[in-house]
Amino acid sequence: MDEYPFQLKQLPVPVIELFCENLEFGETIKSLISKKQDIEPNRPTINVLLSEIDAKLPKPRNRQSQNYAGYHPTGILPAGWLYQQFEVFPAVVGFVIHKDSLEDGSHLMELLEKAEDYLKPLSVRFLIVLMKDDEEELDPRPVNILKKYIDVRNVIVFTVPKSDSSIRVLEKLLLKKSYEYYNEEQQTIKSYRDRMNKSNQQRLFVRHNFQIAYLSEFRENRKRCLKYYNAAYVLLNESHSAKRKKNIVETKTIAELINFKICSHLMDDGRIDDAINQFKYHMATYKNDVGDPVLEFQHYNWIGRQYQTFGELMDSHGEDLQANSRTWHHPGFYYHAASSNYQKRRAIISEYSKEENENIEFLRHIVKPYVPTLVDVKIQNYYGRDLELVALHEHEEINPEDYSLFEIHVAQELNVDHNELILSQLRRSYFRYRSDGNQMMRTIWNITSELSEEYFISENYENAKKFIDALIEHYNEDKWWDLLVHSLKLAVSIAEKTEDLENIVIYSLRLLSPHLNVDLEERKDIFSKVNSIVKENKIMAILDVPYHDPLVEVYIQFENDAVFTRKEFKLMIKVKSNFPSKSCFGKLVLELSDSSVLSIEHNEENDTENLSFSSGEIKYYTFNLDGRDNTEILSCTKMNLYLNMDNTVSMEWDVSTWPKIDTSQQVKFDIDFIERPEIRVIEEAAELILEVHHFPPALNNEYYRVDISVTNTDEEEITSSEIFVQNLISGDYIPHQNVFIKDEDGNMQQCTVIDVPSISEGQTFVQTLYIYSKQIEKKRRIRIKIKYETERYTTSTFKDLKIPVISLSKINYQFLTQESEHVALDPIVLHLNKIYLFRIQLHTVAEYPLILNDINVVYKNMKNDPIIEIVNRSPMHEVLLSKDVKYTAWFEVRPLVVGNFEQPGKIEISWKRENTFEDDDQLIEIHKDMVPIKVEKKVIDLEIETADFGFSGENIKHRITITNNSDHTQDIGLKVLDNSVFLVSGDKKALYKLQPYGKISVTHNLFPLKNGRLPVPEFELRTPLGIIDGGRKRKYIGIYPSHSPKLL
């Protein structure tokens, strides 16, 4: 905001000018007012100007009516208007005299003559301050004379030194009079505005609304300020495009002033969101109004200044407006945006600097750097105009007409320190974001990148390197490879500028990593350059290399997990060079944790010591190590690989920081190499004899038996040991969770770790485990590991098992009706109380016979109540199953409960192996899930009642009951079919309408025509959908001869 006039940045306060008979009087009043304002900061502020009473009084501005018809001013806002209101034109004029001066009548008349111009009803207010001591009496006669000519309210007596009450009265009167003045000034301007034509005098409307708003600030009427500032801004934007384009610099200047005022007042009210929205609207309105294309750099300077000023405005309004991580709510965003536009400004002017222009070169050595001063009241008549006069105002010998506006401004622009301007905004943005913690780290890193580049352009290589090193570390850690390449290239350029050969080598080598997006030919050029620098200068450089760096991959393999003391062992190094072309290393050095050092020097003639590599070539190097006397964990802590034969450039690994590899995983990088960065040196011990017996294959869902025996062949007693069962999952051996042992009662108890008691010399410990296998696998890899201790050492051994886990059998099932019709399985819909057949077919795939114990069918609801009742079943106890025979079991089942049951049913099968374990008859069970079922009543239920026997010549009653079990009315047709053994009386053909859940009974009389076992006549029951199957068997009636004599 430095370019803004102070009258714009500061809140204007009423201007009071006191003409003093004795300046000490005025100083007394001014100091007392200032003291009160310091004690009470919220008190209204006034600006007191002091002059001697003999000084020339300001000429009263007696405004006269002005005719604005057809008036079109040259500019919108006069350049000196703000300054005049802020510093020159007083709202109140006062005479400060001692009361003794009134005793001289001639002096009194002189005073009245001087005040004569202010006694008229003009805008400026006037008063007289009479000074007197506390004990002095005031002669009323001259005071009355003053009051006769002057309003009594404008004469005030000021008592010294008891001035507290006097200063309050005076201050209150001064504020009141000044507010009256500024209000009258506004009303006068409004009266001018009301006589103008808004359609073609918009620029005057803009001026007058701005002036009314500014005068409202003197009265601290913020609401009125915003109203008229907004009106001025809207009117400015509504100016027709032709005039706006013609005077675009002036238009943008006035828009900038008004926008600044609006945003300031909104922030003062705490309305940060409204201020941001106003700024967004401001930028959207003017960001594309470039104006003269050849002066486009000035447009980007203007945009950058808008962002910079708004950021400074936010910073000046306290932390309560800044504690927000949203982009537009953070001052750092605006400083960053300002720097971006200043960069565009620099890019444009740099193109002009390449052109040869004698006038520009001449002016460049005369004019000062371009300073975007909004106004210079000594030179400019209006804001945003006469810019060429500002550039040459100190050089009267130069005629502005001899040079174009373009030449003058380009000469000024070329003298601007663009680099420092951009850096200043980037630094402000960086530190503002940093001050709020790590909320917006991605933005911070972006700004860090720009800072490093700008410092490089500014030739401040020390700061450029500081920022670029931080970027390289960050991008490498977060794997932003493309950004890392850009940063590394910049780091190389910085090192070249400072002739830092060591860093040229280090950064260049990092650029060669194969995972970075660098072209192969460029890689070769970089590597050739590095070799040339190293060879010519013998640079001493150390490149810190991370774990498994892709440029040179290095892996360490100790021969085993552990080695006994005083036993020799081997260490193998695997090296793969990914340099873009052939490379030769001078020496490979390893430092172990016991401070011993291993090394290989390049020997072209010996393959085991040849450190020359083609691109992508892998080589192995073996070290034979002497046995260690003491137990320890031995590891490699540091490794150096020297890039050249002079052993000056070293790639250094801090191996102690590498992640520890779980060697039990046995993850192989190739056929013969396993990464194993450490080895345990232990006391030599006799190995236990660990034997494991099992009977493959295992069946899924069974407790599979494994017998373990541990024999101690050492003279030393094993004091304690533990048996672990581990399972290979996704390449890792992890504790097996489904391991069981039998307790004394024969029940299975889960047990992941088995504690083994002490084992003496020659003693054997035996334990039977049961491993429960839930899933089918071709090879279940299981490790039985025992860790044991003696008084001298602790060690372990293990056995690996490969047990295939297969399914018991293929299990098929099916529901059928009693008429052997299949019931669909998806979904299964059964009818209540109807008998169904349920078939289960087993086909074992086991290589050995299984003895079937039992099969059960279970369907239960959520309350664990049975849904289906087993009415009858085929015998199946002790059935022998084999893979050559399919076994079928039959059940008669009946649904008991109506409902839609989502819980699946289960087929429970139990069996045991035949002749597998002589002492183990443990039953094994599996469960086969079945699809859920739905049980419902039949829509139409039919029930027939008739006698089992009758007599010849007598009627037999036959009743049919029809029930509607649905929610809908059903149309039922009943028809008696023809027959030859009974005469049927009653409705032989009828249609009934059955209400929901209703029933009807239809009765017929059957008269037998002969004796014997006669079939009951058939009846056909029909709905609109077809004939109903009653699900009933045909019934017979036994007819006996008549038991009464026949009537003749």
# chains A, B, ... in the order shown; residues from 1 in each chain; ligands from 1
call {"tool": "residues_around", "arguments": {"residues": "stretch 490-497 of chain A", "least_positions_apart": "5", "cutoff": "6 Å", "atoms": "only C-alpha atoms", "output": "list of chain:residue names"}}
result
A:Asn503, A:Ile504, A:Tyr507
call {"tool": "residues_around", "arguments": {"residues": "A:Arg219", "least_positions_apart": "3", "cutoff": "10 Å", "atoms": "only C-alpha atoms", "output": "MDAnalysis selection string"}}
result
chainID A and resid 12:14 44 175:176 178:183 214:216 222 224:225
call {"tool": "closest_residue", "arguments": {"among": "A:Ile674, A:Val885, A:Met651, A:Ile782", "to": "A:Val706", "atoms": "only C-alpha atoms"}}
result
A:Ile782
call {"tool": "select_by_dssp", "arguments": {"residues": "stretch 270-329 of chain A", "states": "helix (DSSP H, G or I)", "output": "ChimeraX atom specification"}}
result
/A:272-286,293-315,319-321,327-329
call {"tool": "select_by_dssp", "arguments": {"residues": "stretch 881-994 of chain A", "states": "strand (DSSP E or B)", "output": "MDAnalysis selection string"}}
result
chainID A and resid 881 887:895 899:901 905:913 924:930 933:936 940:946 949:951 956:964 970:976 982:985 989:994
call {"tool": "residues_around", "arguments": {"residues": "A:Glu420", "least_positions_apart": "2", "cutoff": "12 Å", "atoms": "only C-alpha atoms", "output": "ChimeraX atom specification"}}
result
/A:339,342-343,346,416-418,422-427,451,454-460
call {"tool": "atom_distance", "arguments": {"atom1": "atom CA of A:Lys934", "atom2": "atom CA of A:Val898"}}
result
7.6 Å
call {"tool": "closest_residue", "arguments": {"among": "A:Ile29, A:Leu699, A:Leu174, A:Val981", "to": "A:Thr45", "atoms": "only C-alpha atoms"}}
result
A:Leu174
